[in-house]
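Dropping model24.cif in here (mmCIF, C-alpha atoms):
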```
data_data
loop_
_atom_site.label_atom_id
_atom_site.label_comp_id
_atom_site.auth_asym_id
_atom_site.auth_seq_id
_atom_site.Cartn_x
_atom_site.Cartn_y
_atom_site.Cartn_z
CA MET A 30 25.64 54.38 1.76
CA ASP A 31 23.72 54.15 -1.52
CA SER A 32 21.15 51.45 -2.37
CA GLN A 33 23.64 49.31 -4.30
CA GLN A 34 25.97 49.22 -1.29
CA GLN A 35 23.05 48.36 0.97
CA LEU A 36 22.09 45.50 -1.35
CA GLN A 37 25.67 44.23 -1.38
CA ARG A 38 25.79 44.32 2.41
CA LEU A 39 22.47 42.49 2.66
CA GLU A 40 23.73 39.87 0.22
CA GLN A 41 26.83 39.30 2.37
CA LEU A 42 24.71 38.94 5.49
CA VAL A 43 22.53 36.37 3.74
CA GLU A 44 25.58 34.32 2.82
CA ILE A 45 27.43 34.62 6.13
CA LEU A 46 24.72 34.84 8.80
CA GLY A 47 21.67 33.28 7.18
CA SER A 48 20.00 30.79 9.54
CA ALA A 49 17.95 29.00 6.89
CA PRO A 50 19.96 26.39 4.92
CA THR A 51 20.87 26.59 1.28
CA LEU A 52 19.86 23.72 -1.00
CA ASP A 53 23.34 22.19 -0.67
CA GLN A 54 23.10 22.36 3.12
CA MET A 55 19.74 20.61 3.41
CA ARG A 56 19.78 17.13 4.86
CA ARG A 57 19.31 14.43 2.23
CA ARG A 58 17.70 11.03 2.77
CA THR A 59 18.67 8.80 -0.13
CA LEU A 60 17.58 5.34 -1.25
CA SER A 61 20.78 4.04 0.32
CA ASP A 62 19.92 5.71 3.64
CA LYS A 63 16.57 3.89 3.61
CA GLY A 64 18.21 0.59 2.61
CA ILE A 65 16.24 0.34 -0.64
CA ALA A 66 18.85 1.21 -3.26
CA GLY A 67 17.78 -1.50 -5.68
CA PRO A 68 16.21 -1.45 -9.15
CA THR A 69 12.54 -1.91 -9.94
CA ALA A 70 10.78 -1.91 -13.30
CA ALA A 71 7.75 0.02 -12.04
CA HIS A 72 9.24 3.25 -10.69
CA VAL A 73 11.29 6.32 -11.45
CA ILE A 74 13.63 7.93 -8.93
CA GLU A 75 12.33 11.38 -8.10
CA GLU A 76 13.70 13.79 -5.51
CA VAL A 77 11.09 15.27 -3.19
CA HIS A 78 11.04 17.59 -0.21
CA SER A 79 10.06 15.24 2.62
CA PRO A 80 8.30 16.71 5.69
CA TYR A 81 10.59 16.84 8.72
CA ASN A 82 7.85 15.34 10.92
CA LEU A 83 7.92 12.05 8.96
CA ALA A 84 10.56 9.37 9.43
CA CYS A 85 10.25 8.43 5.75
CA LEU A 86 8.01 8.37 2.73
CA THR A 87 7.02 5.15 1.01
CA PHE A 88 4.07 4.10 -1.15
CA THR A 89 1.52 1.36 -1.56
CA THR A 90 2.35 -1.45 -3.99
CA GLY A 91 -0.68 -0.87 -6.18
CA SER A 92 -1.85 -4.49 -5.92
CA SER A 93 -5.45 -3.42 -5.39
CA ALA A 94 -5.51 0.29 -6.28
CA PHE A 95 -3.42 3.17 -7.63
CA GLN A 96 -0.06 3.53 -5.93
CA ASN A 97 -0.24 6.20 -3.22
CA ILE A 98 2.30 7.93 -1.04
CA VAL A 99 2.43 6.71 2.55
CA GLY A 100 3.87 8.69 5.44
CA VAL A 101 5.59 6.92 8.34
CA THR A 102 5.95 8.89 11.57
CA PHE A 103 8.85 8.58 13.99
CA GLU A 104 6.42 7.54 16.72
CA GLU A 105 5.43 4.39 14.78
CA LEU A 106 8.93 3.05 14.22
CA PRO A 107 9.48 1.15 17.51
CA GLU A 108 6.32 -0.96 17.11
CA LYS A 109 6.97 -1.47 13.41
CA THR A 110 10.54 -2.55 14.09
CA ARG A 111 9.45 -4.87 16.92
CA ALA A 112 7.00 -6.65 14.59
CA ALA A 113 9.71 -7.14 11.98
CA ARG A 114 12.09 -8.57 14.57
CA ARG A 115 9.39 -10.99 15.71
CA ALA A 116 8.92 -12.12 12.10
CA LEU A 117 12.64 -12.74 11.63
CA GLU A 118 12.92 -14.68 14.87
CA ALA A 119 9.78 -16.76 14.23
CA ALA A 120 11.04 -17.64 10.74
CA GLY A 121 14.34 -18.82 12.18
CA VAL A 122 16.45 -16.19 10.41
CA PRO A 123 19.88 -16.34 12.08
CA GLN A 124 21.64 -13.24 13.33
CA GLY A 125 23.92 -11.83 10.65
CA ALA A 126 22.18 -13.62 7.78
CA GLU A 127 22.77 -12.59 4.18
CA ALA A 128 19.53 -11.81 2.33
CA LEU A 129 18.60 -11.32 -1.32
CA VAL A 130 15.68 -8.95 -1.91
CA SER A 131 13.81 -9.14 -5.20
CA TYR A 132 11.80 -5.92 -4.77
CA ALA A 133 13.64 -3.10 -3.02
CA PRO A 134 10.63 -1.21 -1.54
CA LEU A 135 9.80 -4.27 0.61
CA ILE A 136 12.57 -3.10 2.94
CA ASN A 137 10.40 -0.09 3.82
CA VAL A 138 7.85 -2.45 5.36
CA TYR A 139 10.49 -3.82 7.77
CA SER A 140 12.37 -0.57 8.13
CA ALA A 141 16.05 -1.03 7.43
CA GLN A 142 16.68 -0.51 11.16
CA ALA A 143 14.92 -3.80 12.00
CA LEU A 144 17.18 -5.75 9.63
CA SER A 145 20.27 -3.94 10.87
CA ASP A 146 19.32 -4.66 14.49
CA HIS A 147 19.20 -8.35 13.53
CA GLY A 148 22.71 -8.04 12.11
CA MET A 149 21.51 -8.76 8.59
CA ARG A 150 23.05 -7.67 5.31
CA TRP A 151 21.00 -7.55 2.15
CA SER A 152 21.48 -7.01 -1.56
CA PHE A 153 19.26 -6.53 -4.58
CA LEU A 154 18.97 -7.91 -8.08
CA ARG A 155 21.03 -6.35 -10.84
CA ARG A 156 17.82 -5.98 -12.84
CA SER A 157 14.19 -6.54 -11.91
CA SER A 158 13.82 -9.88 -13.72
CA ARG A 159 13.65 -13.61 -13.01
CA ASP A 160 16.86 -14.26 -14.91
CA ALA A 161 18.63 -11.70 -12.73
CA ALA A 162 17.17 -13.44 -9.67
CA LEU A 163 18.61 -16.79 -10.76
CA VAL A 164 22.04 -15.28 -11.36
CA ALA A 165 21.99 -13.60 -7.93
CA LEU A 166 20.80 -16.76 -6.16
CA CYS A 167 23.54 -18.88 -7.75
CA ARG A 168 26.33 -16.33 -7.32
CA LEU A 169 25.51 -14.84 -3.92
CA ARG A 170 23.99 -17.96 -2.34
CA PRO A 171 21.96 -16.05 0.26
CA GLN A 172 20.55 -17.60 3.43
CA VAL A 173 17.33 -15.60 3.09
CA PHE A 174 15.20 -14.61 0.12
CA ILE A 175 12.68 -11.76 0.45
CA GLY A 176 10.19 -11.34 -2.37
CA GLU A 177 6.95 -12.19 -4.09
CA SER A 178 6.01 -15.88 -4.14
CA GLY A 179 4.78 -16.17 -7.74
CA PHE A 180 7.97 -14.53 -8.99
CA LEU A 181 10.05 -16.98 -6.95
CA ARG A 182 8.08 -20.04 -8.09
CA VAL A 183 8.56 -19.26 -11.78
CA ALA A 184 12.24 -18.42 -11.24
CA LEU A 185 12.85 -21.80 -9.55
CA GLU A 186 11.01 -23.56 -12.38
CA ASP A 187 13.10 -21.62 -14.92
CA ALA A 188 16.26 -22.88 -13.19
CA VAL A 189 15.42 -26.40 -14.33
CA ASN A 190 14.66 -25.32 -17.90
CA LEU A 191 17.86 -23.26 -18.09
CA GLY A 192 20.04 -26.02 -16.63
CA VAL A 193 21.23 -24.20 -13.50
CA ALA A 194 19.06 -25.92 -10.87
CA ASP A 195 22.05 -27.77 -9.39
CA LEU A 196 23.74 -24.40 -8.69
CA LEU A 197 20.89 -23.00 -6.59
CA PRO A 198 21.52 -22.65 -2.85
CA ARG A 199 19.79 -25.14 -0.58
CA ASN A 200 17.89 -24.62 2.69
CA VAL A 201 17.10 -20.96 2.02
CA ILE A 202 14.52 -19.21 4.23
CA ALA A 203 12.03 -17.48 1.91
CA LEU A 204 9.96 -14.63 3.35
CA CYS A 205 7.22 -14.34 0.74
CA SER A 206 5.41 -11.03 0.72
CA GLY A 207 3.97 -8.35 -1.52
CA THR A 208 1.15 -10.47 -2.94
CA ALA A 209 -0.94 -13.43 -1.77
CA LEU A 210 1.12 -16.59 -1.24
CA ASP A 211 1.27 -18.83 -4.32
CA LEU A 212 0.61 -22.28 -2.83
CA ASP A 213 2.15 -23.92 -5.91
CA LEU A 214 5.50 -22.59 -4.69
CA LEU A 215 5.54 -24.98 -1.72
CA PRO A 216 6.24 -28.26 -3.59
CA VAL A 217 8.68 -26.51 -5.95
CA ALA A 218 10.67 -25.01 -3.06
CA GLU A 219 10.66 -28.33 -1.19
CA ARG A 220 12.89 -29.85 -3.88
CA TYR A 221 15.67 -27.51 -2.77
CA GLY A 222 14.99 -27.74 0.95
CA TRP A 223 13.72 -24.17 1.07
CA ARG A 224 11.51 -23.09 3.99
CA ILE A 225 8.62 -20.93 2.80
CA HIS A 226 6.97 -18.35 5.06
CA ASP A 227 3.89 -16.28 4.31
CA LEU A 228 4.57 -12.74 5.54
CA TYR A 229 1.56 -10.42 5.47
CA GLY A 230 1.66 -6.66 5.94
CA CYS A 231 1.49 -3.38 4.10
CA GLN A 232 3.51 -0.23 3.55
CA GLU A 233 1.14 1.81 5.71
CA PHE A 234 1.55 -0.25 8.87
CA GLY A 235 4.43 -2.71 8.49
CA TRP A 236 4.35 -6.48 9.08
CA ILE A 237 1.22 -7.86 10.69
CA ALA A 238 1.26 -11.69 10.54
CA LEU A 239 3.68 -14.51 9.74
CA ASP A 240 2.21 -17.83 8.63
CA GLY A 241 -1.14 -16.72 10.04
CA VAL A 242 0.23 -15.76 13.47
CA PRO A 243 -0.12 -12.08 14.52
CA LEU A 244 3.13 -10.17 14.93
CA ARG A 245 1.64 -7.25 16.85
CA ASP A 246 -0.21 -7.13 20.14
CA ASP A 247 -2.53 -4.39 18.86
CA MET A 248 -4.05 -6.53 16.08
CA SER A 249 -7.76 -7.36 16.40
CA LEU A 250 -10.32 -9.22 14.31
CA ILE A 251 -13.86 -7.96 13.79
CA PRO A 252 -16.73 -9.41 11.71
CA SER A 253 -16.31 -8.80 7.99
CA PRO A 254 -19.21 -7.64 5.80
CA LEU A 255 -18.17 -10.46 3.44
CA GLY A 256 -19.54 -13.09 5.84
CA GLN A 257 -18.66 -16.72 5.01
CA GLY A 258 -16.33 -16.98 7.98
CA PHE A 259 -14.22 -13.97 6.95
CA GLN A 260 -12.79 -11.62 9.57
CA GLU A 261 -11.58 -8.06 9.06
CA VAL A 262 -8.11 -7.22 10.36
CA VAL A 263 -7.84 -4.12 12.55
CA LEU A 264 -4.38 -2.88 13.51
CA GLY A 265 -4.12 -0.57 16.48
CA GLY A 266 -7.69 0.56 15.95
CA LEU A 267 -7.44 1.12 12.17
CA PRO A 268 -9.16 -1.32 9.76
CA LEU A 269 -6.98 -2.52 6.90
CA ALA A 270 -9.84 -3.16 4.42
CA ASP A 271 -8.50 -6.74 4.23
CA SER A 272 -10.59 -9.75 5.23
CA PHE A 273 -9.43 -13.34 5.75
CA PRO A 274 -10.88 -16.72 6.66
CA VAL A 275 -9.88 -18.05 10.07
CA ALA A 276 -9.10 -21.78 10.21
CA GLU A 277 -8.63 -23.98 13.27
CA ASN A 278 -6.40 -26.53 11.53
CA GLY A 279 -3.57 -24.11 10.83
CA HIS A 280 -1.87 -22.31 7.99
CA PRO A 281 -0.10 -24.28 5.19
CA CYS A 282 3.21 -22.81 6.37
CA GLY A 283 2.65 -23.44 10.08
CA ARG A 284 0.10 -25.20 12.27
CA LYS A 285 0.08 -22.41 14.87
CA GLY A 286 -1.39 -19.90 12.45
CA SER A 287 -5.14 -19.51 12.03
CA LEU A 288 -5.33 -16.41 9.82
CA LEU A 289 -5.30 -17.59 6.19
CA THR A 290 -3.56 -14.54 4.80
CA PHE A 291 -3.06 -16.11 1.37
CA ARG A 292 -6.85 -16.05 0.87
CA ARG A 293 -7.17 -12.29 1.35
CA ARG A 294 -10.21 -10.50 -0.03
CA ARG A 295 -10.85 -6.79 -0.05
CA THR A 296 -13.51 -5.79 2.49
CA HIS A 297 -16.69 -4.30 1.04
CA PRO A 298 -18.13 -2.06 2.21
CA GLU A 299 -15.09 -0.69 4.02
CA TYR A 300 -15.30 0.42 7.63
CA GLU A 301 -15.12 3.97 8.86
CA VAL A 302 -13.68 4.61 12.31
CA PHE A 303 -15.53 6.73 14.85
CA VAL A 304 -13.73 7.97 17.95
CA LYS A 305 -16.14 7.54 20.88
CA GLU A 306 -13.74 8.08 23.79
CA SER A 307 -10.31 9.65 24.04
CA PRO A 308 -7.84 10.47 26.85
CA LEU A 309 -7.32 13.85 25.16
CA SER A 310 -8.97 16.98 26.47
CA ASP A 311 -8.44 18.88 23.21
CA ALA A 312 -11.10 18.13 20.58
CA ASP A 313 -9.26 20.26 17.99
CA LEU A 314 -6.12 18.11 18.33
CA LEU A 315 -8.23 14.99 17.84
CA GLU A 316 -9.78 16.42 14.67
CA LYS A 317 -6.37 17.31 13.25
CA ALA A 318 -5.04 13.84 14.04
CA ALA A 319 -7.98 12.31 12.18
CA ARG A 320 -7.18 14.41 9.10
CA SER A 321 -3.50 13.43 9.31
CA ILE A 322 -4.40 9.73 9.46
CA LEU A 323 -6.48 10.11 6.29
CA ARG A 324 -3.65 11.91 4.51
CA ILE A 325 -0.77 9.60 5.41
CA LYS A 326 -2.55 6.26 5.91
CA GLY A 327 -5.65 6.56 3.74
CA ARG A 328 -8.00 5.55 6.58
CA VAL A 329 -11.22 7.43 7.32
CA VAL A 330 -11.43 8.46 10.98
CA LYS A 331 -14.31 10.59 12.24
CA ILE A 332 -14.91 12.13 15.63
CA SER A 333 -18.28 11.17 17.08
CA PRO A 334 -20.47 14.19 17.94
CA ASP A 335 -20.87 12.80 21.46
CA VAL A 336 -17.20 11.87 21.92
CA ARG A 337 -16.14 11.61 25.54
CA LEU A 338 -12.91 13.50 26.17
CA GLY A 339 -10.67 12.87 29.16
CA ALA A 340 -11.56 9.17 29.19
CA PRO A 341 -9.21 6.56 30.70
CA ALA A 342 -8.42 5.12 27.25
CA THR A 343 -9.34 5.39 23.58
CA ARG A 344 -12.47 3.62 22.34
CA LEU A 345 -13.16 3.29 18.61
CA GLU A 346 -16.27 2.05 16.83
CA PHE A 347 -16.41 0.63 13.30
CA VAL A 348 -19.27 1.50 10.97
CA PRO A 349 -19.65 0.20 7.37
CA SER A 350 -19.39 3.05 4.86
CA LEU A 351 -22.66 1.79 3.33
CA GLY A 352 -25.66 0.79 5.39
CA ASP A 353 -27.69 2.03 8.33
CA GLY A 354 -24.81 3.76 10.11
CA LEU A 355 -24.84 1.40 13.07
CA PRO A 356 -21.51 0.17 14.52
CA VAL A 357 -20.70 -3.52 14.15
CA ALA A 358 -17.76 -3.68 16.56
CA SER A 359 -15.49 -1.60 18.76
CA VAL A 360 -12.04 -1.79 20.33
CA SER A 361 -10.75 -0.14 23.49
CA GLY A 362 -7.24 0.86 24.48
CA PRO A 363 -4.64 1.15 25.49
CA GLU A 364 -3.26 -2.07 23.95
CA LYS A 365 -5.64 -2.56 21.05
CA THR A 366 -5.63 1.11 19.98
CA ARG A 367 -1.85 1.43 20.19
CA LEU A 368 -1.26 2.50 16.57
CA PHE A 369 -4.09 5.05 16.60
CA ASP A 370 -2.77 6.53 19.85
CA LEU A 371 0.75 6.75 18.42
CA LEU A 372 -0.52 8.68 15.41
CA VAL A 373 -2.37 11.05 17.73
CA GLU A 374 0.86 11.44 19.69
CA ALA A 375 2.69 12.24 16.44
CA GLN A 376 0.15 14.97 15.69
CA ALA A 377 0.54 16.43 19.19
CA ASN A 378 4.34 16.44 18.89
CA PHE A 379 4.13 18.13 15.51
CA GLN A 380 1.93 20.89 16.89
CA LYS A 381 4.44 21.57 19.66
CA THR A 382 7.10 22.31 17.04
CA GLY A 383 6.40 25.46 15.07
CA LYS A 384 7.39 25.72 11.44
CA THR A 385 10.94 27.03 11.31
CA ASP A 386 10.93 28.09 7.67
CA PRO A 387 10.32 31.86 7.53
CA ALA A 388 9.13 31.52 3.93
CA TRP A 389 6.17 29.50 5.23
CA THR A 390 4.98 31.94 7.86
CA LYS A 391 1.23 32.43 7.73
CA ARG A 392 -0.31 35.58 9.14
CA ARG A 393 -3.92 35.83 10.23
#
```

If you took the structure in this file and wrote it as structure tokens, what would it be?
Amino acid sequence: MDSQQQLQRLEQLVEILGSAPTLDQMRRRTLSDKGIAGPTAAHVIEEVHSPYNLACLTFTTGSSAFQNIVGVTFEELPEKTRAARRALEAAGVPQGAEALVSYAPLINVYSAQALSDHGMRWSFLRRSSRDAALVALCRLRPQVFIGESGFLRVALEDAVNLGVADLLPRNVIALCSGTALDLDLLPVAERYGWRIHDLYGCQEFGWIALDGVPLRDDMSLIPSPLGQGFQEVVLGGLPLADSFPVAENGHPCGRKGSLLTFRRRRTHPEYEVFVKESPLSDADLLEKAARSILRIKGRVVKISPDVRLGAPATRLEFVPSLGDGLPVASVSGPEKTRLFDLLVEAQANFQKTGKTDPAWTKRR
């Protein structure tokens, strides 16, 4: 058999017996699969190769910095979904409700699974504009509106100027998110019997508080460098770089809430996280998990030189990135370090699964 025949035989084997997929055979996760197939004015649709160890890719909104890719691991999804379900139930969203979403990527913060579990159906604007929002509100008459509060306030005011206010649906539940709550929306929405809720969270970690009430059991508050009564929010052991005042007389959208999320200020200097104790016995795994957290969540985690391995639970200390290097607070697990521990678990699970792509084999 000459070389040309050998090549032809090899080519046939590649086509018939090849274990690695072709491009057409690769699994595809589309915008529709993620429940976010709606238009925005700030993005392009770009296909990417998404790592198999991530449940999905999303990105920060860019409200305080450049938009960055965020990775969401499979291990995080149950807690993230549970928080979203708590938000829907606390806001009084009925099972099977129809929702209108003004900004499609907000669905990533819930995870489409949380909405589906609640029996909800949702749709998006034809175009990313206030006029399109008014048309959708009048035509679709949703029970729930999900979107940014300033956008909604101006749209409702435009309805009067454009002569369509009498066609707007009444008694809509508005889950305002994406930016700080515009308090001027409250009297405007009251004219239509709308119930306004202040939903705080982020793409990295999901929903965290509704009307100032925590949605997750692993949320903690620690002293903020800003002082003046501000507290820094820590979720599962990871600081969010967001600080809020805490009030005893309630949130404007609900008396039970004490965290004034609409008065958010960026924490400065930000906190770094130091791992002081860990149930792990493998320091290398802990180091790799810290690097993964920085890459997919943008949070600095360092392993203390005197870290105690094999401890009963995780203990994390928070140190301002500027200053004398002394910790100002700490949290201990397992409840309050739940998110951190899940990300460590994700790293451990990833390391148990070797790369299956022969083209990526590294030799020492």

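Residues with any atom within 9 Å of Arg182 of chain A, counting only C-alpha atoms and excluding same-chain neighbours fewer than 6 positions away, are A:Asp211, A:Asp213, A:Leu214, A:Leu215, A:Val217, A:Ala218.
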
Same residues, C-alpha atoms, saved as a CSV table (one decimal), in the coordinates of the input:
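What ended up in out_1.csv:
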```
chain,number,residue,atom,x,y,z
A,211,ASP,CA,1.3,-18.8,-4.3
A,213,ASP,CA,2.2,-23.9,-5.9
A,214,LEU,CA,5.5,-22.6,-4.7
A,215,LEU,CA,5.5,-25.0,-1.7
A,217,VAL,CA,8.7,-26.5,-6.0
A,218,ALA,CA,10.7,-25.0,-3.1
```

(request) I would like the residues chosen by the PyMOL selection byres ((chain A and resi 242) around 9) on the shown file; could you give them as a list in words? (result)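 Taken on the displayed file, the PyMOL selection byres ((chain A and resi 242) around 9) yields the residues Ile237, Ala238, Leu239, Asp240, Gly241, Pro243, Leu244, His280, Gly283, Lys285, Gly286, Ser287 and Leu288 of chain A.
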
Applied to the shown file, which residues does the PyMOL selection byres ((chain A and resi 296) around 9) return, written as a PDB file with C-alpha atoms, in the frame of the given file?
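Written file, result.pdb:
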```pdb
ATOM      1  CA  SER A 253     -16.310  -8.800   7.990  1.00  0.00           C
ATOM      2  CA  PRO A 254     -19.210  -7.640   5.800  1.00  0.00           C
ATOM      3  CA  LEU A 255     -18.170 -10.460   3.440  1.00  0.00           C
ATOM      4  CA  GLU A 261     -11.580  -8.060   9.060  1.00  0.00           C
ATOM      5  CA  LEU A 269      -6.980  -2.520   6.900  1.00  0.00           C
ATOM      6  CA  ALA A 270      -9.840  -3.160   4.420  1.00  0.00           C
ATOM      7  CA  ASP A 271      -8.500  -6.740   4.230  1.00  0.00           C
ATOM      8  CA  SER A 272     -10.590  -9.750   5.230  1.00  0.00           C
ATOM      9  CA  ARG A 294     -10.210 -10.500  -0.030  1.00  0.00           C
ATOM     10  CA  ARG A 295     -10.850  -6.790  -0.050  1.00  0.00           C
ATOM     11  CA  HIS A 297     -16.690  -4.300   1.040  1.00  0.00           C
ATOM     12  CA  PRO A 298     -18.130  -2.060   2.210  1.00  0.00           C
ATOM     13  CA  GLU A 299     -15.090  -0.690   4.020  1.00  0.00           C
ATOM     14  CA  TYR A 300     -15.300   0.420   7.630  1.00  0.00           C
TER      15      TYR A 300
END
```

(request) Using the chain letters and numbers from the file, give me the residues hit by the PyMOL selection byres ((chain A and resi 348-363) around 10), as number ranges by chain. (result) A: 247, 249-254, 263, 265-267, 296-308, 329, 341-347, 364-370

(message) Please compute the atom CA of Phe379 of chain A-atom CA of Val43 of chain A distance, one decimal, in Å.
(response) 28.5 Å

(message) If we count only C-alpha atoms and set the cut-off at 12 Å, which residues sit around Leu52 of chain A, ignoring sequence neighbours fewer than 4 positions away in its own chain? Please answer as a PyMOL selection string.
(response) chain A and resi 56-57+78

Would you save the residues from that selection as an mmCIF file, keeping the file's coordinate frame, using C-alpha atoms?
```cif
data_model
loop_
_atom_site.group_PDB
_atom_site.id
_atom_site.type_symbol
_atom_site.label_atom_id
_atom_site.label_comp_id
_atom_site.auth_asym_id
_atom_site.auth_seq_id
_atom_site.Cartn_x
_atom_site.Cartn_y
_atom_site.Cartn_z
ATOM 1 C CA ARG A 56 19.780 17.130 4.860
ATOM 2 C CA ARG A 57 19.310 14.430 2.230
ATOM 3 C CA HIS A 78 11.040 17.590 -0.210
#
```

(message) Using Å and a single decimal, report how far atom CA of Leu129 of chain A sits from atom CA of Leu166 of chain A.
(response)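 Atom CA of Leu129 of chain A lies 7.6 Å from atom CA of Leu166 of chain A.
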
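Relative to atom CA of Pro80 of chain A, atom CA of Ile45 of chain A is found at 26.2 Å.
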
Where is the centre and how long are the edges: axis-aligned box on segment 176-184 of chain A, 3 Å on each side, Å to one decimal, as JSON:
```
{"center_x": 8.5, "center_y": -15.7, "center_z": -7.1, "size_x": 13.5, "size_y": 14.7, "size_z": 15.4}
```

For Lys326 of chain A, list every protein, DNA or RNA residue within 7 Å, evaluated using all atoms listed in the file, and leave out those in the same chain fewer than 3 positions away; present the list as a compact mmCIF listing (two decimals) with C-alpha atoms, keeping the file's coordinate frame.
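What follows is the written file out04.txt:
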```txt
# COMPACT_ATOMS: atom_id res chain seq x y z
CA VAL A 99 2.43 6.71 2.55
CA GLY A 100 3.87 8.69 5.44
CA GLU A 233 1.14 1.81 5.71
CA ILE A 322 -4.40 9.73 9.46
CA LEU A 323 -6.48 10.11 6.29
```

(request) Show which residues sit within 12 Å of Gly125 of chain A, as a PyMOL selection string. Count only C-alpha atoms, and ignore same-chain residues fewer than 5 positions away. (result) chain A and resi 117+144-151+171-173

(request) Determine, counting all atoms listed in the file, which protein, DNA and RNA residues have an atom within 7 Å of an atom of Arg199 of chain A; residues of the same chain fewer than 5 positions away are not included. Present the result as a PyMOL selection string. (result) chain A and resi 221-223

What residues have an atom no more than 10 Å from (5.6, 9.0, 10.5) in the file's own frame, counting all atoms listed in the file, and can you write them as a PDB file with C-alpha atoms, in the frame of the given file?
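Now in point06.pdb:
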```pdb
ATOM      1  CA  PRO A  80       8.300  16.710   5.690  1.00  0.00           C
ATOM      2  CA  TYR A  81      10.590  16.840   8.720  1.00  0.00           C
ATOM      3  CA  ASN A  82       7.850  15.340  10.920  1.00  0.00           C
ATOM      4  CA  LEU A  83       7.920  12.050   8.960  1.00  0.00           C
ATOM      5  CA  ALA A  84      10.560   9.370   9.430  1.00  0.00           C
ATOM      6  CA  CYS A  85      10.250   8.430   5.750  1.00  0.00           C
ATOM      7  CA  LEU A  86       8.010   8.370   2.730  1.00  0.00           C
ATOM      8  CA  VAL A  99       2.430   6.710   2.550  1.00  0.00           C
ATOM      9  CA  GLY A 100       3.870   8.690   5.440  1.00  0.00           C
ATOM     10  CA  VAL A 101       5.590   6.920   8.340  1.00  0.00           C
ATOM     11  CA  THR A 102       5.950   8.890  11.570  1.00  0.00           C
ATOM     12  CA  PHE A 103       8.850   8.580  13.990  1.00  0.00           C
ATOM     13  CA  GLU A 104       6.420   7.540  16.720  1.00  0.00           C
ATOM     14  CA  GLU A 105       5.430   4.390  14.780  1.00  0.00           C
ATOM     15  CA  LEU A 106       8.930   3.050  14.220  1.00  0.00           C
ATOM     16  CA  GLU A 233       1.140   1.810   5.710  1.00  0.00           C
ATOM     17  CA  ILE A 325      -0.770   9.600   5.410  1.00  0.00           C
ATOM     18  CA  LYS A 326      -2.550   6.260   5.910  1.00  0.00           C
ATOM     19  CA  LEU A 371       0.750   6.750  18.420  1.00  0.00           C
ATOM     20  CA  LEU A 372      -0.520   8.680  15.410  1.00  0.00           C
ATOM     21  CA  ALA A 375       2.690  12.240  16.440  1.00  0.00           C
ATOM     22  CA  GLN A 376       0.150  14.970  15.690  1.00  0.00           C
TER      23      GLN A 376
END
```

(message) Nearest residue to Glu374 of chain A out of A:Arg38, A:Lys317, A:Arg293, A:Arg224, using all atoms listed in the file?
(response)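 For Glu374 of chain A, the nearest of the candidates is A:Lys317.
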
May I have the protein, DNA and RNA residues with any atom at most 6 Å from the point (19.1, -3.5, -8.7), counting only C-alpha atoms, written as a PDB file with C-alpha atoms, in the frame of the given file?
```
ATOM      1  CA  GLY A  67      17.780  -1.500  -5.680  1.00  0.00           C
ATOM      2  CA  PRO A  68      16.210  -1.450  -9.150  1.00  0.00           C
ATOM      3  CA  PHE A 153      19.260  -6.530  -4.580  1.00  0.00           C
ATOM      4  CA  LEU A 154      18.970  -7.910  -8.080  1.00  0.00           C
ATOM      5  CA  ARG A 155      21.030  -6.350 -10.840  1.00  0.00           C
ATOM      6  CA  ARG A 156      17.820  -5.980 -12.840  1.00  0.00           C
TER       7      ARG A 156
END
```

(request) Have a look at A:Val73, A:Ile225, A:Leu212, A:Ala128 and name the one nearest to Ser152 of chain A; count all atoms listed in the file. (result)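 Ranked by minimum distance to Ser152 of chain A, first place goes to A:Ala128.
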
Each residue of segment 57-119 of chain A with at least one atom at most 7 Å from segment 138-141 of chain A should appear once, together with its nearest atom pair and the corresponding distance in Å (one decimal); atoms considered: all atoms listed in the file; ordering: chain, then increasing residue number; output as JSON lines.
```
{"residue": "A:Lys63", "atom": "CA", "partner": "A:Ala141", "partner_atom": "CA", "distance": 6.3}
{"residue": "A:Gly64", "atom": "CA", "partner": "A:Ala141", "partner_atom": "CA", "distance": 5.5}
{"residue": "A:Thr110", "atom": "CA", "partner": "A:Tyr139", "partner_atom": "CA", "distance": 6.4}
{"residue": "A:Ala113", "atom": "CA", "partner": "A:Tyr139", "partner_atom": "CA", "distance": 5.4}
```
